[in-house]
>>> print(open('query.cif').read())   # mmCIF, C-alpha atoms
data_work
#
loop_
_atom_site.label_atom_id
_atom_site.label_comp_id
_atom_site.auth_asym_id
_atom_site.auth_seq_id
_atom_site.Cartn_x
_atom_site.Cartn_y
_atom_site.Cartn_z
CA MET A 1 51.20 109.22 21.25
CA VAL A 2 53.11 111.28 18.68
CA ILE A 3 50.20 113.69 18.40
CA LEU A 4 49.97 113.96 22.17
CA GLU A 5 53.65 114.83 22.59
CA HIS A 6 53.53 117.27 19.69
CA LEU A 7 50.58 119.21 21.02
CA VAL A 8 51.74 119.28 24.61
CA LYS A 9 55.04 120.76 23.47
CA ARG A 10 53.13 123.43 21.56
CA ALA A 11 51.37 124.69 24.68
CA ARG A 12 51.78 128.43 25.14
CA LEU A 13 54.13 128.80 28.09
CA ASP A 14 53.51 132.56 28.21
CA MET A 15 49.80 131.97 28.91
CA PRO A 16 48.02 130.17 31.73
CA ASP A 17 46.57 126.75 30.98
CA ASN A 18 42.89 127.45 30.34
CA THR A 19 41.74 123.84 30.33
CA SER A 20 39.68 124.04 33.53
CA SER A 21 37.77 127.18 32.52
CA PHE A 22 37.27 125.91 28.95
CA LEU A 23 35.86 122.59 30.19
CA GLU A 24 33.51 124.36 32.60
CA LEU A 25 32.02 126.19 29.62
CA LEU A 26 32.00 123.08 27.45
CA CYS A 27 30.45 120.82 30.08
CA ARG A 28 28.19 123.12 32.04
CA PRO A 29 24.86 121.58 33.10
CA PHE A 30 21.79 122.01 30.92
CA ASN A 31 19.53 124.91 31.87
CA LYS A 32 16.46 122.69 32.23
CA PRO A 33 15.70 119.43 34.06
CA ILE A 34 16.51 116.20 32.21
CA THR A 35 13.42 114.10 31.49
CA ARG A 36 12.62 111.22 29.16
CA SER A 37 10.96 113.66 26.78
CA ASN A 38 14.11 115.77 26.31
CA PHE A 39 16.87 113.24 27.05
CA GLU A 40 17.65 112.46 23.40
CA ASN A 41 17.63 116.13 22.38
CA CYS A 42 20.16 116.84 25.12
CA PHE A 43 22.24 113.80 24.20
CA ILE A 44 22.59 114.79 20.52
CA SER A 45 22.67 118.57 21.02
CA LYS A 46 25.42 120.74 19.57
CA LEU A 47 28.46 121.21 21.80
CA LEU A 48 28.72 124.53 23.59
CA GLN A 49 32.27 125.15 22.34
CA LYS A 50 34.23 124.33 19.22
CA LEU A 51 37.10 121.94 19.92
CA LEU A 52 40.72 122.40 18.88
CA VAL A 53 42.39 119.86 16.62
CA GLU A 54 45.27 119.61 14.18
CA PRO A 55 44.53 121.79 11.09
CA TYR A 56 44.36 118.87 8.64
CA LEU A 57 41.58 117.32 10.73
CA CYS A 58 39.36 120.40 10.41
CA GLN A 59 38.62 119.88 6.73
CA ASN A 60 34.86 119.81 6.12
CA LEU A 61 34.25 120.02 9.87
CA LYS A 62 34.82 123.73 10.54
CA ASP A 63 31.44 124.02 12.21
CA TYR A 64 32.75 121.80 15.02
CA PHE A 65 36.49 122.50 15.29
CA VAL A 66 39.12 125.20 15.44
CA PRO A 67 42.67 124.44 14.23
CA THR A 68 45.39 124.30 16.86
CA CYS A 69 47.13 127.23 15.19
CA SER A 70 44.43 129.26 16.96
CA GLU A 71 45.42 127.74 20.27
CA ALA A 72 46.45 131.10 21.67
CA LEU A 73 42.73 131.78 22.01
CA TYR A 74 42.28 128.85 24.40
CA ASN A 75 45.57 127.15 25.37
CA VAL A 76 44.06 123.74 26.11
CA PRO A 77 46.81 121.45 24.77
CA ARG A 78 45.81 118.26 26.59
CA LEU A 79 42.23 118.44 25.39
CA SER A 80 43.46 119.19 21.86
CA ALA A 81 45.66 116.10 21.99
CA ILE A 82 42.81 113.79 23.01
CA VAL A 83 40.41 115.22 20.43
CA SER A 84 43.02 114.97 17.65
CA THR A 85 43.72 111.36 18.61
CA ILE A 86 40.02 110.52 18.51
CA LEU A 87 39.51 112.15 15.12
CA SER A 88 42.60 110.67 13.51
CA LYS A 89 42.08 107.14 14.84
CA SER A 90 40.96 104.60 12.25
CA PHE A 91 40.06 101.03 13.20
CA THR A 92 40.16 97.90 11.12
CA LYS A 93 37.65 95.15 11.69
CA CYS A 94 38.81 91.58 12.07
CA ALA A 95 37.15 88.54 13.63
CA ARG A 96 38.70 87.41 16.90
CA GLN A 97 40.73 90.61 17.16
CA GLU A 98 38.95 91.70 20.32
CA GLN A 99 41.66 94.15 21.33
CA LEU A 100 40.77 96.39 18.38
CA THR A 101 37.27 96.79 19.77
CA THR A 102 38.58 97.43 23.25
CA ASP A 103 41.01 100.09 21.97
CA GLY A 104 38.16 101.82 20.18
CA ILE A 105 36.14 102.10 23.37
CA ASN A 106 39.17 103.30 25.32
CA ASN A 107 40.05 106.02 22.81
CA HIS A 108 36.60 107.29 22.01
CA ILE A 109 34.66 107.07 25.26
CA LEU A 110 36.57 106.16 28.40
CA ASP A 111 39.55 108.42 27.65
CA ILE A 112 37.38 111.51 27.40
CA ILE A 113 35.39 110.53 30.51
CA ILE A 114 38.64 110.09 32.45
CA PHE A 115 39.95 113.41 31.18
CA LEU A 116 36.80 115.36 32.06
CA SER A 117 36.70 113.77 35.52
CA LYS A 118 40.21 115.04 36.28
CA TYR A 119 39.18 118.65 35.75
CA ILE A 120 35.55 118.67 36.89
CA ALA A 121 34.97 117.23 40.36
CA THR A 122 31.20 116.88 40.09
CA PRO A 123 29.94 114.39 39.09
CA SER A 124 32.34 111.95 40.74
CA LEU A 125 32.81 109.19 38.18
CA SER A 126 34.41 105.76 38.40
CA TRP A 127 34.43 102.93 35.89
CA LYS A 128 35.38 99.35 35.21
CA HIS A 129 36.44 98.02 31.83
CA ASN A 130 37.31 94.34 31.86
CA GLY A 131 38.17 94.30 28.14
CA LYS A 132 37.05 90.68 27.82
CA ILE A 133 34.86 89.91 24.83
CA HIS A 134 32.33 87.31 25.94
CA ASP A 135 31.82 84.21 23.82
CA THR A 136 28.99 84.71 21.33
CA SER A 137 28.48 81.03 20.50
CA THR A 138 25.75 80.78 23.11
CA ILE A 139 23.66 83.48 24.74
CA THR A 140 24.18 82.61 28.40
CA TYR A 141 24.89 85.91 30.09
CA LYS A 142 23.39 85.31 33.52
CA ASN A 143 26.46 85.43 35.72
CA ILE A 144 28.86 87.80 33.99
CA PRO A 145 29.23 91.57 34.37
CA PRO A 146 29.12 93.95 31.38
CA ASN A 147 32.38 94.87 29.64
CA ILE A 148 31.91 98.49 30.68
CA THR A 149 30.33 99.89 33.84
CA VAL A 150 30.40 103.61 34.63
CA TYR A 151 29.31 104.87 38.05
CA CYS A 152 28.37 108.35 39.23
CA ASN A 153 28.65 108.65 43.01
CA ASP A 154 28.57 104.81 43.04
CA LEU A 155 25.30 104.81 41.09
CA LEU A 156 25.39 102.77 37.88
CA VAL A 157 24.72 105.23 35.03
CA MET A 158 26.12 103.44 31.96
CA ILE A 159 26.93 99.93 30.79
CA GLY A 160 28.50 98.70 27.57
CA GLU A 161 28.99 95.43 25.77
CA GLU A 162 31.62 94.76 23.08
CA LYS A 163 31.89 92.20 20.31
CA ASP A 164 34.61 91.61 17.75
CA VAL A 165 32.74 91.90 14.42
CA LYS A 166 29.85 93.94 13.02
CA GLY A 167 27.56 90.91 12.80
CA ASN A 168 27.71 90.57 16.57
CA LEU A 169 26.38 94.06 17.23
CA ILE A 170 22.90 92.58 17.62
CA LYS A 171 24.25 90.00 20.07
CA ALA A 172 25.84 92.78 22.09
CA ALA A 173 22.44 94.52 22.24
CA GLU A 174 20.78 91.24 23.29
CA GLN A 175 23.32 90.91 26.05
CA LEU A 176 22.50 94.41 27.29
CA ASN A 177 18.84 93.39 27.46
CA SER A 178 19.78 90.33 29.51
CA TYR A 179 21.28 92.63 32.16
CA PHE A 180 18.12 94.73 32.29
CA LYS A 181 15.34 92.27 32.87
CA PHE A 182 14.65 93.93 36.21
CA TRP A 183 14.85 97.58 37.27
CA ASN A 184 16.41 97.48 40.71
CA PRO A 185 14.93 100.17 42.99
CA LEU A 186 17.60 99.73 45.66
CA ALA A 187 20.32 100.25 43.05
CA PHE A 188 18.86 103.11 40.97
CA GLY A 189 16.88 105.24 43.41
CA ASN A 190 15.46 108.27 41.52
CA LEU A 191 17.67 107.81 38.44
CA PRO A 192 15.35 108.17 35.42
CA PHE A 193 17.43 106.13 32.96
CA VAL A 194 20.66 104.23 32.37
CA LEU A 195 22.73 104.76 29.21
CA ALA A 196 23.96 101.69 27.34
CA LEU A 197 26.35 101.07 24.47
CA ALA A 198 26.53 98.09 22.12
CA VAL A 199 29.66 97.64 20.00
CA GLY A 200 30.34 95.26 17.14
CA SER A 201 33.89 95.83 15.91
CA THR A 202 33.84 99.42 14.59
CA HIS A 203 30.04 99.77 14.76
CA LEU A 204 28.49 101.53 17.76
CA GLN A 205 24.93 102.12 18.88
CA PHE A 206 23.74 103.86 22.04
CA TYR A 207 20.57 102.95 23.94
CA TYR A 208 18.95 103.91 27.21
CA TYR A 209 16.83 101.94 29.67
CA TYR A 210 13.98 103.30 31.75
CA VAL A 211 10.81 102.18 33.51
CA ASP A 212 7.29 103.53 33.16
CA ASP A 213 3.99 102.89 34.90
CA THR A 214 2.85 100.33 32.32
CA MET A 215 5.84 98.01 32.71
CA GLY A 216 6.20 97.65 36.46
CA MET A 217 9.85 96.88 37.22
CA LYS A 218 10.64 95.65 33.70
CA PRO A 219 12.69 98.30 31.85
CA ARG A 220 12.08 99.52 28.34
CA CYS A 221 14.96 99.93 25.87
CA GLN A 222 15.15 102.88 23.49
CA THR A 223 17.69 103.51 20.71
CA ILE A 224 19.34 106.93 20.95
CA GLY A 225 21.62 108.75 18.54
CA GLU A 226 22.99 107.55 15.19
CA HIS A 227 24.42 104.18 14.28
CA LEU A 228 28.13 105.06 14.07
CA VAL A 229 30.96 103.45 12.09
CA LEU A 230 34.49 104.34 13.21
CA ASN A 231 36.49 102.74 10.42
CA SER A 232 35.19 105.04 7.69
CA SER A 233 36.95 108.09 6.30
CA ASN A 234 34.04 110.19 7.59
CA ARG A 235 35.50 111.83 10.71
CA ALA A 236 32.08 113.16 11.58
CA TYR A 237 31.32 109.74 13.11
CA ASN A 238 34.34 110.07 15.39
CA TYR A 239 33.12 113.52 16.36
CA GLN A 240 29.64 112.18 17.10
CA VAL A 241 31.00 109.69 19.64
CA LEU A 242 32.93 112.51 21.26
CA LYS A 243 29.88 114.78 21.25
CA TYR A 244 27.60 112.12 22.74
CA THR A 245 30.09 111.40 25.52
CA ILE A 246 30.54 115.06 26.44
CA ASN A 247 26.78 115.66 26.40
CA PHE A 248 26.24 112.62 28.60
CA PHE A 249 28.71 114.15 31.05
CA ARG A 250 26.62 117.34 30.96
CA ILE A 251 23.45 115.31 31.55
CA LEU A 252 25.02 113.70 34.62
CA ARG A 253 26.02 117.12 35.97
CA THR A 254 22.43 118.27 35.50
CA LEU A 255 21.01 115.20 37.24
CA CYS A 256 23.42 115.71 40.14
CA GLN A 257 22.43 119.37 40.37
CA ASP A 258 18.75 118.39 40.48
CA GLN A 259 19.46 115.67 43.10
CA TYR A 260 18.42 112.73 40.91
CA ILE A 261 21.76 111.05 41.58
CA THR A 262 22.30 109.92 45.14
CA ALA A 263 24.49 107.18 46.57
CA PRO A 264 22.62 103.87 46.07
CA ILE A 265 21.98 101.29 48.76
CA LEU A 266 23.74 98.73 46.58
CA ARG A 267 26.35 99.17 43.86
CA LEU A 268 25.49 96.91 40.94
CA PHE A 269 27.99 94.55 39.27
CA ASP A 270 30.26 94.91 42.26
CA ASP A 271 32.00 92.18 44.24
CA ILE A 272 31.69 92.52 48.01
CA GLN A 273 34.52 90.73 49.77
CA GLN A 274 33.53 89.13 53.06
CA SER A 275 35.22 86.63 55.32
CA HIS A 276 35.38 83.31 53.37
CA CYS A 277 32.77 84.68 50.96
CA VAL A 278 32.31 86.88 47.86
CA VAL A 279 28.94 88.43 47.09
CA THR A 280 28.32 89.58 43.50
CA ILE A 281 25.37 91.89 42.92
CA LEU A 282 23.68 91.58 39.54
CA LEU A 283 20.42 93.07 38.35
CA ASN A 284 18.69 89.71 38.18
CA LYS A 285 20.19 87.95 41.19
CA ILE A 286 22.70 87.91 44.03
CA ILE A 287 25.45 85.33 43.74
CA LYS A 288 27.06 84.29 46.98
CA LYS A 289 30.26 82.22 46.65
CA ILE A 290 31.30 80.67 49.96
CA ASP A 291 34.62 78.94 50.64
CA LYS A 292 33.72 75.29 51.22
CA THR A 293 36.49 74.85 53.82
CA SER A 294 34.79 77.46 56.03
CA ILE A 295 31.62 75.34 56.35
CA VAL A 296 31.68 72.80 59.19
CA ASP A 297 28.57 70.81 58.17
CA LEU A 298 27.55 71.00 54.50
CA GLY A 299 24.29 69.14 55.09
CA PHE A 300 23.19 71.56 57.80
CA HIS A 301 24.34 74.52 55.68
CA LYS A 302 22.28 73.39 52.67
CA ASN A 303 19.18 72.73 54.77
CA PHE A 304 19.52 76.14 56.41
CA TYR A 305 19.64 78.00 53.08
CA GLN A 306 17.00 75.95 51.29
CA ASN A 307 14.48 75.39 54.08
CA THR A 308 15.12 77.36 57.28
CA LEU A 309 16.23 80.79 56.04
CA PRO A 310 13.31 81.39 53.63
CA GLY A 311 10.94 80.78 56.54
CA LEU A 312 12.68 83.37 58.71
CA GLU A 313 13.11 86.13 56.12
CA PRO A 314 11.35 86.99 52.82
CA ILE A 315 14.22 85.45 50.87
CA LYS A 316 13.89 83.40 47.70
CA ILE A 317 16.71 80.94 46.93
CA HIS A 318 17.01 80.25 43.19
CA LYS A 319 19.88 77.76 43.27
CA TYR A 320 22.19 76.06 45.74
CA PHE A 321 25.03 73.93 44.35
CA LEU A 322 28.60 72.82 45.06
CA THR A 323 31.81 73.19 43.08
CA SER A 324 35.17 71.63 43.89
CA ASP A 325 36.06 74.39 46.37
CA SER A 326 32.93 76.50 46.89
CA VAL A 327 29.26 76.59 47.73
CA ILE A 328 27.31 78.78 45.28
CA VAL A 329 23.99 80.31 46.31
CA HIS A 330 21.79 82.28 43.89
CA LEU A 331 19.28 84.51 45.66
CA ALA A 332 16.34 86.52 44.33
CA PRO A 333 17.07 89.90 42.74
CA VAL A 334 18.11 92.64 45.11
CA GLY A 335 14.99 94.71 45.80
CA PHE A 336 12.63 91.96 44.56
CA THR A 337 11.65 91.39 48.18
CA SER A 338 12.43 93.39 51.31
CA PHE A 339 15.81 91.60 51.46
CA PRO A 340 18.39 93.05 51.77
CA LYS A 341 18.30 96.65 52.91
CA CYS A 342 22.07 97.17 52.91
CA GLU A 343 25.24 95.36 51.97
CA ARG A 344 25.80 94.12 55.52
CA GLU A 345 22.65 92.00 55.27
CA LEU A 346 24.10 90.04 52.37
#
>>> encode(input="query.cif", output="structure tokens")
Amino acid sequence: MVILEHLVKRARLDMPDNTSSFLELLCRPFNKPITRSNFENCFISKLLQKLLVEPYLCQNLKDYFVPTCSEALYNVPRLSAIVSTILSKSFTKCARQEQLTTDGINNHILDIIIFLSKYIATPSLSWKHNGKIHDTSTITYKNIPPNITVYCNDLLVMIGEEKDVKGNLIKAAEQLNSYFKFWNPLAFGNLPFVLALAVGSTHLQFYYYYVDDTMGMKPRCQTIGEHLVLNSSNRAYNYQVLKYTINFFRILRTLCQDQYITAPILRLFDDIQQSHCVVTILLNKIIKKIDKTSIVDLGFHKNFYQNTLPGLEPIKIHKYFLTSDSVIVHLAPVGFTSFPKCEREL
């Protein structure tokens, strides 16, 4: 916060704020279509502009940064503040200190996405970050959403999973795989891949998921970029996270420009509020939670879902069970059959 206030005060009042024009140059779309063959090269490519940071942060990184004493050339104080914060941030690792992991994600990834979205209207991004580190004692991730979900025009384009210590980085990656057992055609449309991030304390690794002709609807997972450690004195790792995030923003702009990103039929990991009912859309199932007090005859209701409804529509019921206040119905994955074609049919 001190850095932010300092840099904002240093903005040149005798010059216009050039943030919008600078970001357009920094984040302009790639000049070629994004495919699986060039996705990683685009993701790790050199940034189009050097970024401004406090002079002491430029040491040994002059190929990537310009000191803020040169700010008259650009006058982008807010961007300089965020970049300086990212470079100067150092994280300590400690078991059960989940907030440290959450802060790292906020500072290094979501903050820059939020900032870019304020100045560049396309792509239209939204995100959820629940900040809750899921229990790693057992791998039972069937009914929980990822820690991070990023949407572009309501299309899921990135997910992330966070753990509190380095040793749980593998478990975070396993949890990502549990979300992607099924590539949902109603949710992804023409999107060629989904970016993913696994975090174990200060250790980060990016992945991406895609489908090919040999796998049917089962996605493949591919590691992308370096394994990064944010608690080291090597600020190049902090820069790499920043670079990857900015390049991913450029990739999304390119996909939007080439019409690969369109509004999906269903928005994954979203809760749809209905009268006396909440429908949660996951990749591997639909969970329908119905208020028990709204059901007049539980016996008839159960028979209808388990026996009558599957005969009327191509619907597969995985589970039907009661809790103290609700009826829970697990249905087949969205897009696994012809059901449903829109949210109203849920």
>>> closest_residue(input="query.cif", among="A:Cys27, A:Leu230, A:Val329, A:Leu195", to="Ser117 in chain A", atoms="all atoms listed in the file")
A:Cys27
>>> closest_residue(input="query.cif", among="A:Val150, A:Ile272, A:Leu283, A:Ala81", to="Trp183 in chain A", atoms="all atoms listed in the file")
A:Leu283
>>> atom_distance(input="query.cif", atom1="CA of Arg250 in chain A", atom2="CA of Phe182 in chain A")
26.8 Å
>>> resolve_selection(input="query.cif", expression="the PyMOL selection byres ((chain A and resi 253) around 8)", output="number ranges by chain")
A: 28-29, 122-123, 249-252, 254-257
>>> resolve_selection(input="query.cif", expression="the PyMOL selection byres ((chain A and resi 274) around 10)", output="ChimeraX atom specification")
/A:271-273,275-279,289-290,344,346
>>> write_last_selection(input="query.cif", atoms="C-alpha atoms", output="CSV table (one decimal), in the coordinates of the input")
chain,number,residue,atom,x,y,z
A,271,ASP,CA,32.0,92.2,44.2
A,272,ILE,CA,31.7,92.5,48.0
A,273,GLN,CA,34.5,90.7,49.8
A,275,SER,CA,35.2,86.6,55.3
A,276,HIS,CA,35.4,83.3,53.4
A,277,CYS,CA,32.8,84.7,51.0
A,278,VAL,CA,32.3,86.9,47.9
A,279,VAL,CA,28.9,88.4,47.1
A,289,LYS,CA,30.3,82.2,46.6
A,290,ILE,CA,31.3,80.7,50.0
A,344,ARG,CA,25.8,94.1,55.5
A,346,LEU,CA,24.1,90.0,52.4
>>> decode(input="query.cif", residues="range 179-190 of chain A", atoms="all heavy atoms", output="PDB file, in the first residue's frame")
ATOM      1  N   TYR A 179     -11.628 -32.159 -11.713  1.00  0.00           N
ATOM      2  CA  TYR A 179     -12.623 -31.283 -12.333  1.00  0.00           C
ATOM      3  C   TYR A 179     -12.761 -31.565 -13.825  1.00  0.00           C
ATOM      4  O   TYR A 179     -13.802 -31.298 -14.418  1.00  0.00           O
ATOM      5  CB  TYR A 179     -12.236 -29.821 -12.148  1.00  0.00           C
ATOM      6  CG  TYR A 179     -12.194 -29.337 -10.708  1.00  0.00           C
ATOM      7  CD1 TYR A 179     -11.072 -28.683 -10.207  1.00  0.00           C
ATOM      8  CD2 TYR A 179     -13.269 -29.529  -9.859  1.00  0.00           C
ATOM      9  CE1 TYR A 179     -11.030 -28.227  -8.901  1.00  0.00           C
ATOM     10  CE2 TYR A 179     -13.230 -29.089  -8.547  1.00  0.00           C
ATOM     11  CZ  TYR A 179     -12.107 -28.445  -8.072  1.00  0.00           C
ATOM     12  OH  TYR A 179     -12.062 -28.009  -6.778  1.00  0.00           O
ATOM     13  N   PHE A 180     -11.685 -32.083 -14.437  1.00  0.00           N
ATOM     14  CA  PHE A 180     -11.669 -32.218 -15.886  1.00  0.00           C
ATOM     15  C   PHE A 180     -11.679 -33.666 -16.343  1.00  0.00           C
ATOM     16  O   PHE A 180     -10.897 -34.067 -17.197  1.00  0.00           O
ATOM     17  CB  PHE A 180     -10.447 -31.491 -16.464  1.00  0.00           C
ATOM     18  CG  PHE A 180     -10.717 -30.057 -16.786  1.00  0.00           C
ATOM     19  CD1 PHE A 180     -10.399 -29.075 -15.879  1.00  0.00           C
ATOM     20  CD2 PHE A 180     -11.326 -29.699 -17.973  1.00  0.00           C
ATOM     21  CE1 PHE A 180     -10.666 -27.750 -16.148  1.00  0.00           C
ATOM     22  CE2 PHE A 180     -11.596 -28.386 -18.261  1.00  0.00           C
ATOM     23  CZ  PHE A 180     -11.262 -27.399 -17.347  1.00  0.00           C
ATOM     24  N   LYS A 181     -12.578 -34.437 -15.789  1.00  0.00           N
ATOM     25  CA  LYS A 181     -12.753 -35.801 -16.270  1.00  0.00           C
ATOM     26  C   LYS A 181     -13.606 -35.837 -17.532  1.00  0.00           C
ATOM     27  O   LYS A 181     -13.669 -36.855 -18.225  1.00  0.00           O
ATOM     28  CB  LYS A 181     -13.402 -36.663 -15.180  1.00  0.00           C
ATOM     29  CG  LYS A 181     -12.487 -36.913 -13.977  1.00  0.00           C
ATOM     30  CD  LYS A 181     -13.158 -37.795 -12.956  1.00  0.00           C
ATOM     31  CE  LYS A 181     -12.214 -38.094 -11.795  1.00  0.00           C
ATOM     32  NZ  LYS A 181     -12.845 -38.939 -10.764  1.00  0.00           N
ATOM     33  N   PHE A 182     -14.260 -34.739 -17.821  1.00  0.00           N
ATOM     34  CA  PHE A 182     -15.206 -34.701 -18.942  1.00  0.00           C
ATOM     35  C   PHE A 182     -15.155 -33.323 -19.571  1.00  0.00           C
ATOM     36  O   PHE A 182     -15.245 -32.307 -18.875  1.00  0.00           O
ATOM     37  CB  PHE A 182     -16.617 -35.028 -18.427  1.00  0.00           C
ATOM     38  CG  PHE A 182     -17.703 -34.889 -19.458  1.00  0.00           C
ATOM     39  CD1 PHE A 182     -17.805 -35.811 -20.484  1.00  0.00           C
ATOM     40  CD2 PHE A 182     -18.606 -33.861 -19.396  1.00  0.00           C
ATOM     41  CE1 PHE A 182     -18.817 -35.689 -21.427  1.00  0.00           C
ATOM     42  CE2 PHE A 182     -19.624 -33.734 -20.333  1.00  0.00           C
ATOM     43  CZ  PHE A 182     -19.727 -34.657 -21.349  1.00  0.00           C
ATOM     44  N   TRP A 183     -14.946 -33.263 -20.889  1.00  0.00           N
ATOM     45  CA  TRP A 183     -14.953 -31.986 -21.608  1.00  0.00           C
ATOM     46  C   TRP A 183     -16.382 -31.691 -22.029  1.00  0.00           C
ATOM     47  O   TRP A 183     -16.966 -32.391 -22.835  1.00  0.00           O
ATOM     48  CB  TRP A 183     -14.045 -32.060 -22.836  1.00  0.00           C
ATOM     49  CG  TRP A 183     -13.898 -30.751 -23.549  1.00  0.00           C
ATOM     50  CD1 TRP A 183     -14.658 -30.289 -24.581  1.00  0.00           C
ATOM     51  CD2 TRP A 183     -12.926 -29.735 -23.291  1.00  0.00           C
ATOM     52  NE1 TRP A 183     -14.228 -29.051 -24.977  1.00  0.00           N
ATOM     53  CE2 TRP A 183     -13.163 -28.695 -24.201  1.00  0.00           C
ATOM     54  CE3 TRP A 183     -11.886 -29.612 -22.370  1.00  0.00           C
ATOM     55  CZ2 TRP A 183     -12.379 -27.532 -24.225  1.00  0.00           C
ATOM     56  CZ3 TRP A 183     -11.112 -28.465 -22.402  1.00  0.00           C
ATOM     57  CH2 TRP A 183     -11.359 -27.443 -23.312  1.00  0.00           C
ATOM     58  N   ASN A 184     -16.934 -30.648 -21.485  1.00  0.00           N
ATOM     59  CA  ASN A 184     -18.356 -30.367 -21.636  1.00  0.00           C
ATOM     60  C   ASN A 184     -18.614 -29.533 -22.888  1.00  0.00           C
ATOM     61  O   ASN A 184     -18.302 -28.347 -22.911  1.00  0.00           O
ATOM     62  CB  ASN A 184     -18.828 -29.615 -20.389  1.00  0.00           C
ATOM     63  CG  ASN A 184     -20.330 -29.531 -20.306  1.00  0.00           C
ATOM     64  OD1 ASN A 184     -20.987 -29.295 -21.300  1.00  0.00           O
ATOM     65  ND2 ASN A 184     -20.862 -29.717 -19.112  1.00  0.00           N
ATOM     66  N   PRO A 185     -19.193 -30.100 -23.933  1.00  0.00           N
ATOM     67  CA  PRO A 185     -19.380 -29.345 -25.177  1.00  0.00           C
ATOM     68  C   PRO A 185     -20.367 -28.200 -25.049  1.00  0.00           C
ATOM     69  O   PRO A 185     -20.246 -27.201 -25.760  1.00  0.00           O
ATOM     70  CB  PRO A 185     -19.872 -30.409 -26.168  1.00  0.00           C
ATOM     71  CG  PRO A 185     -20.466 -31.480 -25.310  1.00  0.00           C
ATOM     72  CD  PRO A 185     -19.663 -31.490 -24.053  1.00  0.00           C
ATOM     73  N   LEU A 186     -21.364 -28.332 -24.154  1.00  0.00           N
ATOM     74  CA  LEU A 186     -22.314 -27.234 -23.982  1.00  0.00           C
ATOM     75  C   LEU A 186     -21.706 -26.074 -23.204  1.00  0.00           C
ATOM     76  O   LEU A 186     -22.223 -24.967 -23.244  1.00  0.00           O
ATOM     77  CB  LEU A 186     -23.564 -27.725 -23.243  1.00  0.00           C
ATOM     78  CG  LEU A 186     -24.419 -28.771 -23.962  1.00  0.00           C
ATOM     79  CD1 LEU A 186     -25.644 -29.096 -23.135  1.00  0.00           C
ATOM     80  CD2 LEU A 186     -24.818 -28.302 -25.346  1.00  0.00           C
ATOM     81  N   ALA A 187     -20.624 -26.337 -22.490  1.00  0.00           N
ATOM     82  CA  ALA A 187     -20.006 -25.294 -21.674  1.00  0.00           C
ATOM     83  C   ALA A 187     -18.802 -24.643 -22.351  1.00  0.00           C
ATOM     84  O   ALA A 187     -18.463 -23.502 -22.039  1.00  0.00           O
ATOM     85  CB  ALA A 187     -19.569 -25.872 -20.335  1.00  0.00           C
ATOM     86  N   PHE A 188     -18.147 -25.347 -23.284  1.00  0.00           N
ATOM     87  CA  PHE A 188     -16.911 -24.828 -23.873  1.00  0.00           C
ATOM     88  C   PHE A 188     -17.038 -24.419 -25.333  1.00  0.00           C
ATOM     89  O   PHE A 188     -16.194 -23.663 -25.831  1.00  0.00           O
ATOM     90  CB  PHE A 188     -15.786 -25.866 -23.738  1.00  0.00           C
ATOM     91  CG  PHE A 188     -15.374 -26.104 -22.311  1.00  0.00           C
ATOM     92  CD1 PHE A 188     -15.381 -27.384 -21.782  1.00  0.00           C
ATOM     93  CD2 PHE A 188     -15.000 -25.064 -21.498  1.00  0.00           C
ATOM     94  CE1 PHE A 188     -15.007 -27.618 -20.463  1.00  0.00           C
ATOM     95  CE2 PHE A 188     -14.633 -25.284 -20.173  1.00  0.00           C
ATOM     96  CZ  PHE A 188     -14.632 -26.553 -19.665  1.00  0.00           C
ATOM     97  N   GLY A 189     -18.046 -24.917 -26.034  1.00  0.00           N
ATOM     98  CA  GLY A 189     -18.221 -24.513 -27.428  1.00  0.00           C
ATOM     99  C   GLY A 189     -16.973 -24.784 -28.243  1.00  0.00           C
ATOM    100  O   GLY A 189     -16.453 -25.894 -28.276  1.00  0.00           O
ATOM    101  N   ASN A 190     -16.440 -23.741 -28.917  1.00  0.00           N
ATOM    102  CA  ASN A 190     -15.261 -23.874 -29.773  1.00  0.00           C
ATOM    103  C   ASN A 190     -13.958 -23.561 -29.049  1.00  0.00           C
ATOM    104  O   ASN A 190     -12.910 -23.490 -29.696  1.00  0.00           O
ATOM    105  CB  ASN A 190     -15.392 -22.936 -30.981  1.00  0.00           C
ATOM    106  CG  ASN A 190     -16.549 -23.306 -31.879  1.00  0.00           C
ATOM    107  OD1 ASN A 190     -16.835 -24.493 -32.072  1.00  0.00           O
ATOM    108  ND2 ASN A 190     -17.230 -22.315 -32.421  1.00  0.00           N
TER     109      ASN A 190
END
